[in-house]
Amino acid sequence: MPPITAKSGLGETLDNQRIMKLVEEALRQPDDEREQFLKQQCQGNSGDFEQALSYVRWEQRMQGFLLDPVIKRQEGEPQLEAGDLLENRFRIVRELAQGGMGVVYEAQDEKLGRRIALKCAKAGFGNELPPEVRHATEVSHPNVCKIYEIHTATIRQQIVDFITMEFLEGETLASRLNGGRIPRAEALAIARQLAAGVAEAHRNGVIHGDLKSNNVILSRTIDGALRAVITDFGLARRQGSQSRGIWGTPGYMAPELWLGDQPSVASDIYALGVVFFEMATGKVPSHGKTSKAPTNSLKATPWLEAASHKPPPVNRHWDRILARCLDPDPKKRYQTADSLAAALRPGHLWRNGTLAATAALAVIVTGVLTYRNATAPAETATLAVLPVEGSGPTRLKNAESEIGRLEGNKKIGFELLPAERANSATHLLRVNLASIGGQTNLRAVLSEGPSQVTLKTWEGVYGNEQWKYVPQALAGVVSAGLHLKPLAESLFINAQASTAYATGVQEIRQDSTLDAGLKDLGKAEAANPDSPLILATIAEAECIKYLTTQDDAWLKRSLEAERQSELRYPDTGAGHRAAGLLKATAGRFDDAEAELLRAIELEPANSENYRRLGSFVYRNTNQFDKALVALREAVELQPGYYKNQQNLGEFYLEHARYKEAVEHLLETVKLLPNAPNVRYELAQAYTDAGEFGKARQSLNVILERTGKAGAQYQSQLATILMYESKDAEAIPHLLSAVTETPEDYVLWTRLGIAERRAGHLAGSHEAMQKALVIAERELTQNPANGRARSVLGYVCAQLGRQRARAESETAQALQLDREWDVIWMAVLTYETLGMRDTAIALLRTAPAEILEDFGRWPDLAEFTADSRFKEVTAANAGNKEKQR
Amino acid sequence: MKEITELLQEWRGGSHDAENELFSLVMPRLRRLAQHLMLGERPGQSIQATELVDQVYLGMVAVKDRDWQNRGHFFALAARAMRHHLIDRARRPHADKISMGALQNVLPADSSKLDLAVTVDRLLNEMQTVKPEWCRVVEVKYFLGLTDDEAAAVLSMPVRTLQRAWRDARQWLFLKMEPARAANHS
């Protein structure tokens with residue numbers, strides 16, 4: 001049976017839209033007025049008139065023919081009619097729409113004399129509405145349909161739950177889209193409003209769960225400005241019925257929802273992405289073919305196959321935003337609707353185009369420019385501070401004078417307006433105070449005036465003695481949110497503290513002097529307890545301490561120091577750096593990025609900002625192009641700081657650019673000659689680059705300096721020997737290594753290979769078997785470990801018994817992780833299984849250096865002699881140049 | 001034995017064998033499930049046809065294959081199944097003891113309605129040759145009773161387009177039945 005095409009031509013869709021609407025409206029008119037009505041509506045468009053009239057006449061003739069379906073809709077669903085009166089107060093006027101959850105009516109609230117919308121819960125939802133609804137009533141935002149109240153009433157012997165809400169006039173976004181794409185500027189405005197609305201709801205703990213263009217109504221404000229409103233908040237969740245069921249509108253459902261996950265912030269953001277896609281293209285994105293994924297499914301597995309099928313390129317303006325909204329991995333999407341809204345700001349969107357390295361550099365270095373231009377489409381930001389809400393309004397008199405002292409700069413001007421002129425301000429600051437147990441909880445929200453997009457939310461808990469900091473702190477919120485110059489006081493350190501501080505700052509940059517640095521900073525703080533800068537630096541130092549010791553106590557201290565710093569002034573470079581580190585540690589990468597970008601604005605010559613951005617944020621979110629740019633920038637700014645060189649060297653090592661890795665690790669060793677771990681990395685880089693002599697040298701130096709030949713030493717030496725086909729010599733080193741670290745499945749695997757090549761088949765088998773058991777154990781704890789899975793696949797293949805399993809584990813590993821270690825293992829596995837073509841296919845994008853590395857590994861001698869491999873090598877020889 | 005989703009694809013491609021096989025797979029499930037749901041699990045609660053089909057869908061299609069296309073196909077299949085079942089029942093009026101079990105509670109007891117359904121079914125076979133795209137609309141709207149929104153979602157078309165197709169289809173069927181109707185009313 002041929003499919004019904006959803007792709008009617010645009011013209012046809014437009015026709016259907018117009019004509020069906022006319023017919024629908026005409027049929028609501030009394031019989032004898034219908035023709036006249038149509039004449040008026042069609043105003044000279046005779047084509048429309050004739051068609052619509054024809055349908056109307058037919059309807060009159062058919063008299064409901066076939067409108068009564070074979071399978072009845074079950075009773076229990078209240079059919080309200082015009083004229084019905086509910087709760088002696090709400091009079092139904094007419095039915096507006098049928099949704100998945102119930103019917104929406106226009107009604108008149110006779111008590112308050114206003115027009116409202118009324119939605120009836122459907123049967124099957126029982127008598128209770130989902131608890132989310134109660135939260136939804138608390139959301140108050142121009143872009144969220146205001147829910148007034150939840151009611152219960154009896155009508156015609158049935159108990160009915162219903163909701164009263166704001167009456168909105170206007171068409172749905174879906175029906176607007178039936179007419180085709182929306183012009184870019186308008187689409188952007190709608191997108192920003194939607195993101196703002198969703199953000200506010202999320203802040204109130206409400207997830208939408210069924211966002212779609214049908215749930216957005218395009219209405220107007222009193223002055224005629226566009227107002228996009230989201231309806232059905234918190235109502236889309238099913239209650240009572242088996243929640244294991246998959247629920248939602250298919251085209252808008254994030255992949256994890258198909259796998260049974262509950263709707264979440266991330267799935268709402270996905271749905272927003274789909275809506276944006278629709279606006280930009282007029283189509284709902286398809287998901288391509290689902291793969292035949294192995295059935296012991298890890299949560300993300302089936303959809304990672306689809307990951308290669310990203311949304312089709314739309315245009316350079318939207319692609320980046322869409323890619324992040326629609327990423328199959330919820331952790332890679334925008335983590336909050338606020339960050340999505342921020343990304344949609346005009347300057348930001350249009351300037352950050354592609355991911356090419358040069359453009360990425362522009363993003364980072366000129367992040368300054370984009371941020372400033374984004375928040376000030378006019379040249380001056382004008383801010384009004386709204387009257388304080390909550391307790392103690394008179395206590396903030398000084399805040400306005402402090403904020404008024406903030407200065408604009410070359411890119412953006414700044415002016416503080418009195419509260420009465422809030423309506424004409426480009427930005428607003430809302431402050432809310434709440435007394436909690438002797439302390440005051442202060443919440444400040446900085447937003448764009450008209451659209452109410454939130455730029456910055458900030459909270460601080462103040463004791464009485466700290467209350468004096470508040471005025472400046474609020475100025476800090478504004479300077480951070482609007483990217484202005486911070487108040488000079490924030491950088492002030494008194495004479496008593498300055499020496500200790502300056503020393504401390506230098507000391508904390510080296511791991512070896514970290515503790516001394518903490519002591520000196522402590523002294524500085526005691527001498528100058530009001531300084532936000534000292535506390536921020538302490539927070540930074542304590543966070544570094546946490547990272548090196550993994551001791552939670554340090555994390556707690558760091559968070560507290562950060563908090564104290566912010567109470568005084570939340571806009572210092574050190575503070576943002578510390579906050580960035582802390583947030584990255586907590587996995588909040590978007591926020592961390594924002595913090596570090598602001599740190600860059602404030603201290604553009606401080607290499608730490610770039611290094612952290614590259615290592616902690618971009619590397620962890622797989623934005624490798626950007627990571628590289630940031631790490632390079634750090635090295636350029638301060639090539640003499642060993643951490644800059646080390647991080648860049650490690651990055652190159654991970655990305656199979658061995659020669660460059662060697663270059664920077666060598667620098668690191670020069671700067672830090674007494675750190676054995678760097679020499680190991682250098683040895684590894686040399687080995688992978690084929691410079692066995694130099695690799696050996698590095699290892700020898702380690703031996704000389706430390707006197708110890710630990711597992712790392714032994715295993716690296718063994719690797720070199722294996723490259724040189726001296727497997728018999730490698731074996732005792734590997735044995736020594738596994739004695740020290742018996743849980744290392746990679747070591748056991750290597751041992752297995754060496755034994756095999758040396759002709760000890762029984763020993764080889766035993767080692768591989770051990771590797772299998774350990775890898776399996778690792779995977780029960782951590783099923784998403786791609787490396788472990790790839791090793792498991794290899795070992796299965798080598799043991800000769802479990803071919804199918806080898807293939808399946810390897811396939812899964814590749815879906816989890818595309819790092820070169822994993823690919824390396826996969827190639828070895830496929831070669832063992834005789835699937836050379838598959839192995840070759842994996843190398844399509846391999847950098848030239850790793851192909852050379854393959855060439856040196858004895859086990860792959862036949863593989864690399866194959867002409868197909870040679871073809872790939874020739875094709876990829878250019879890769880080296882492209883990546884520069 | 002082929003996977004349901006493969007069969008759905010083949011059926012979409014026009015394979016009658018696939019269709020038969022799907023029916024034999026799906027029908028017993030629909031029956032059993034309806035019984036289960038109606039007779040005990042949720043007293044006082046009623047069930048919509050869409051929920052019913054959804055439940056069967058979830059039970060029959062593996063997690064990894066559940067995408068919007070497959071669901072749409074499945075719904076279309078269910079509508080077809082309903083249609084065929086009715087016809088069967090109409091042709092063997094005394095066989096209702098061994099038919100859909102509790103599902104018959106949702107089906108018309110009224111024989112004139114049943115007759116109409118049988119006629120529509122016959123006409124659909126004719127419609128298939130001239131306007132195949134309308135057939136599925138009729139199946140999900142008339143046989144399965146989906147709302148406009150639900151039908152549009154299942155068939156992956158804009159709502160207004162669906163509405164127009166539904167009106168057109170009804171007109172076509174109405175015209176075909178006119179002589180008969182005229183006869184009945186005279």
# chains A, B, ... in the order shown; residues from 1 in each chain; ligands from 1
$ interface_residues --of "chain B" --to "chain A" --cutoff "6 Å" --atoms "only C-alpha atoms" --output "number ranges by chain"
B: 12-14, 68, 106-107, 133, 142-145, 156-157, 160-161
$ write_last_selection --atoms "all heavy atoms" --output "compact mmCIF listing (two decimals), in the first residue's frame"
# COMPACT_ATOMS: atom_id res chain seq x y z
N ARG B 12 3.97 -1.81 4.21
CA ARG B 12 3.92 -0.47 3.64
C ARG B 12 4.34 -0.49 2.18
O ARG B 12 3.90 0.30 1.37
CB ARG B 12 4.85 0.47 4.42
CG ARG B 12 4.39 0.73 5.82
CD ARG B 12 3.50 1.94 5.90
NE ARG B 12 4.21 3.16 5.64
CZ ARG B 12 3.68 4.23 5.03
NH1 ARG B 12 2.45 4.19 4.62
NH2 ARG B 12 4.39 5.30 4.85
N GLY B 13 5.24 -1.40 1.91
CA GLY B 13 5.69 -1.48 0.53
C GLY B 13 4.70 -2.22 -0.36
O GLY B 13 4.87 -2.29 -1.57
N GLY B 14 3.65 -2.75 0.26
CA GLY B 14 2.60 -3.36 -0.54
C GLY B 14 2.50 -4.87 -0.44
O GLY B 14 1.72 -5.48 -1.16
N TRP B 68 8.82 7.13 15.51
CA TRP B 68 7.52 7.69 15.15
C TRP B 68 6.96 7.04 13.90
O TRP B 68 5.77 6.89 13.74
CB TRP B 68 7.63 9.20 14.98
CG TRP B 68 8.59 9.61 13.94
CD1 TRP B 68 9.95 9.76 14.09
CD2 TRP B 68 8.32 9.92 12.57
NE1 TRP B 68 10.50 10.14 12.90
CE2 TRP B 68 9.54 10.25 11.96
CE3 TRP B 68 7.14 9.94 11.81
CZ2 TRP B 68 9.63 10.60 10.63
CZ3 TRP B 68 7.25 10.29 10.48
CH2 TRP B 68 8.47 10.61 9.90
N VAL B 106 -16.60 -2.40 22.86
CA VAL B 106 -16.35 -1.09 22.24
C VAL B 106 -16.85 -1.05 20.80
O VAL B 106 -16.83 -0.03 20.15
CB VAL B 106 -14.85 -0.71 22.29
CG1 VAL B 106 -14.30 -0.95 23.66
CG2 VAL B 106 -14.06 -1.44 21.26
N LEU B 107 -17.26 -2.21 20.34
CA LEU B 107 -17.72 -2.24 18.97
C LEU B 107 -19.24 -2.10 18.92
O LEU B 107 -19.92 -2.42 19.88
CB LEU B 107 -17.31 -3.57 18.33
CG LEU B 107 -15.80 -3.76 18.22
CD1 LEU B 107 -15.50 -5.16 17.73
CD2 LEU B 107 -15.20 -2.74 17.27
N GLU B 133 -4.52 7.29 -0.90
CA GLU B 133 -4.15 8.09 0.26
C GLU B 133 -5.31 8.38 1.19
O GLU B 133 -5.13 8.71 2.35
CB GLU B 133 -3.48 9.41 -0.16
CG GLU B 133 -4.33 10.32 -1.02
CD GLU B 133 -4.20 10.02 -2.51
OE1 GLU B 133 -3.82 8.88 -2.85
OE2 GLU B 133 -4.48 10.91 -3.32
N TYR B 142 -12.54 6.69 10.90
CA TYR B 142 -13.84 6.03 11.03
C TYR B 142 -13.75 4.73 11.81
O TYR B 142 -14.56 4.47 12.69
CB TYR B 142 -14.45 5.79 9.64
CG TYR B 142 -15.75 5.05 9.67
CD1 TYR B 142 -16.87 5.60 10.29
CD2 TYR B 142 -15.88 3.79 9.10
CE1 TYR B 142 -18.08 4.92 10.34
CE2 TYR B 142 -17.08 3.11 9.14
CZ TYR B 142 -18.18 3.68 9.76
OH TYR B 142 -19.37 3.00 9.82
N PHE B 143 -12.81 3.90 11.47
CA PHE B 143 -12.76 2.60 12.13
C PHE B 143 -12.13 2.69 13.51
O PHE B 143 -12.48 1.96 14.42
CB PHE B 143 -12.00 1.59 11.27
CG PHE B 143 -12.82 1.10 10.12
CD1 PHE B 143 -12.76 1.72 8.89
CD2 PHE B 143 -13.68 0.03 10.28
CE1 PHE B 143 -13.54 1.28 7.84
CE2 PHE B 143 -14.46 -0.43 9.23
CZ PHE B 143 -14.39 0.20 8.00
N LEU B 144 -11.17 3.54 13.64
CA LEU B 144 -10.45 3.59 14.91
C LEU B 144 -10.89 4.76 15.77
O LEU B 144 -10.61 4.81 16.97
CB LEU B 144 -8.95 3.70 14.63
CG LEU B 144 -7.97 3.11 15.65
CD1 LEU B 144 -8.36 1.72 16.04
CD2 LEU B 144 -6.57 3.10 15.05
N GLY B 145 -11.60 5.71 15.17
CA GLY B 145 -12.16 6.81 15.95
C GLY B 145 -11.16 7.81 16.50
O GLY B 145 -11.38 8.42 17.55
N SER B 156 1.28 11.31 10.02
CA SER B 156 2.36 12.25 9.69
C SER B 156 1.95 13.24 8.63
O SER B 156 2.61 13.40 7.61
CB SER B 156 3.59 11.53 9.17
OG SER B 156 3.95 10.52 10.04
N MET B 157 0.84 13.90 8.83
CA MET B 157 0.50 14.97 7.92
C MET B 157 0.00 16.16 8.71
O MET B 157 -0.39 16.04 9.85
CB MET B 157 -0.57 14.52 6.89
CG MET B 157 -1.67 13.63 7.41
SD MET B 157 -3.11 13.59 6.33
CE MET B 157 -2.46 12.79 4.89
N ARG B 160 -4.58 20.27 8.89
CA ARG B 160 -5.52 20.77 7.91
C ARG B 160 -5.57 19.90 6.66
O ARG B 160 -6.62 19.75 6.02
CB ARG B 160 -5.15 22.21 7.51
CG ARG B 160 -5.28 23.22 8.65
CD ARG B 160 -6.69 23.34 9.16
NE ARG B 160 -6.89 24.51 10.01
CZ ARG B 160 -8.00 24.75 10.69
NH1 ARG B 160 -8.99 23.89 10.61
NH2 ARG B 160 -8.09 25.83 11.43
N THR B 161 -4.43 19.36 6.33
CA THR B 161 -4.41 18.47 5.17
C THR B 161 -5.23 17.22 5.46
O THR B 161 -5.97 16.72 4.62
CB THR B 161 -2.95 18.10 4.83
OG1 THR B 161 -2.20 19.28 4.63
CG2 THR B 161 -2.89 17.24 3.58
$ select_by_dssp --residues "segment 159-245 of chain A" --states "strand (DSSP E or B)" --output "VMD selection string"
chain A and resid 159 to 166 171 to 172 216 to 220 226 to 230
$ select_by_dssp --residues "segment 734-859 of chain A" --states "alpha helix (DSSP H)" --output "NGL selection string"
:A and (734-740 or 745-757 or 761-781 or 786-799 or 803-816 or 820-832 or 836-842 or 848-856)
$ residues_around --residues "segment 747-749 of chain A" --least-positions-apart "5" --cutoff "6 Å" --atoms "only C-alpha atoms" --output "number ranges by chain"
A: 767-768, 771
$ write_last_selection --atoms "N, CA and C atoms" --output "PDB file, in the first residue's frame"
ATOM      1  N   ALA A 767      46.680 -15.391  30.032  1.00  0.00           N
ATOM      2  CA  ALA A 767      46.706 -13.930  30.235  1.00  0.00           C
ATOM      3  C   ALA A 767      45.465 -13.278  29.640  1.00  0.00           C
ATOM      4  N   MET A 768      45.112 -13.706  28.433  1.00  0.00           N
ATOM      5  CA  MET A 768      43.927 -13.126  27.784  1.00  0.00           C
ATOM      6  C   MET A 768      42.677 -13.423  28.607  1.00  0.00           C
ATOM      7  N   ALA A 771      42.464 -11.106  31.414  1.00  0.00           N
ATOM      8  CA  ALA A 771      42.040  -9.782  30.937  1.00  0.00           C
ATOM      9  C   ALA A 771      40.529  -9.763  30.749  1.00  0.00           C
TER      10      ALA A 771
END
$ residues_around --residues "Thr164 of chain A" --least-positions-apart "4" --cutoff "8 Å" --atoms "only C-alpha atoms" --output "JSON, numbers by chain"
{"A": [116, 117, 118, 119, 147, 148, 149, 150, 151]}
$ residues_around --residues "Ser54 of chain A" --least-positions-apart "6" --cutoff "12 Å" --atoms "only C-alpha atoms" --output "ChimeraX atom specification"
/A:19-20,22-23,26-27,34-35,38,46-48,60-61 /B:167-168,171
$ atom_distance --atom1 "atom CA of Arg679 of chain A" --atom2 "atom CA of Glu650 of chain A"
11.8 Å
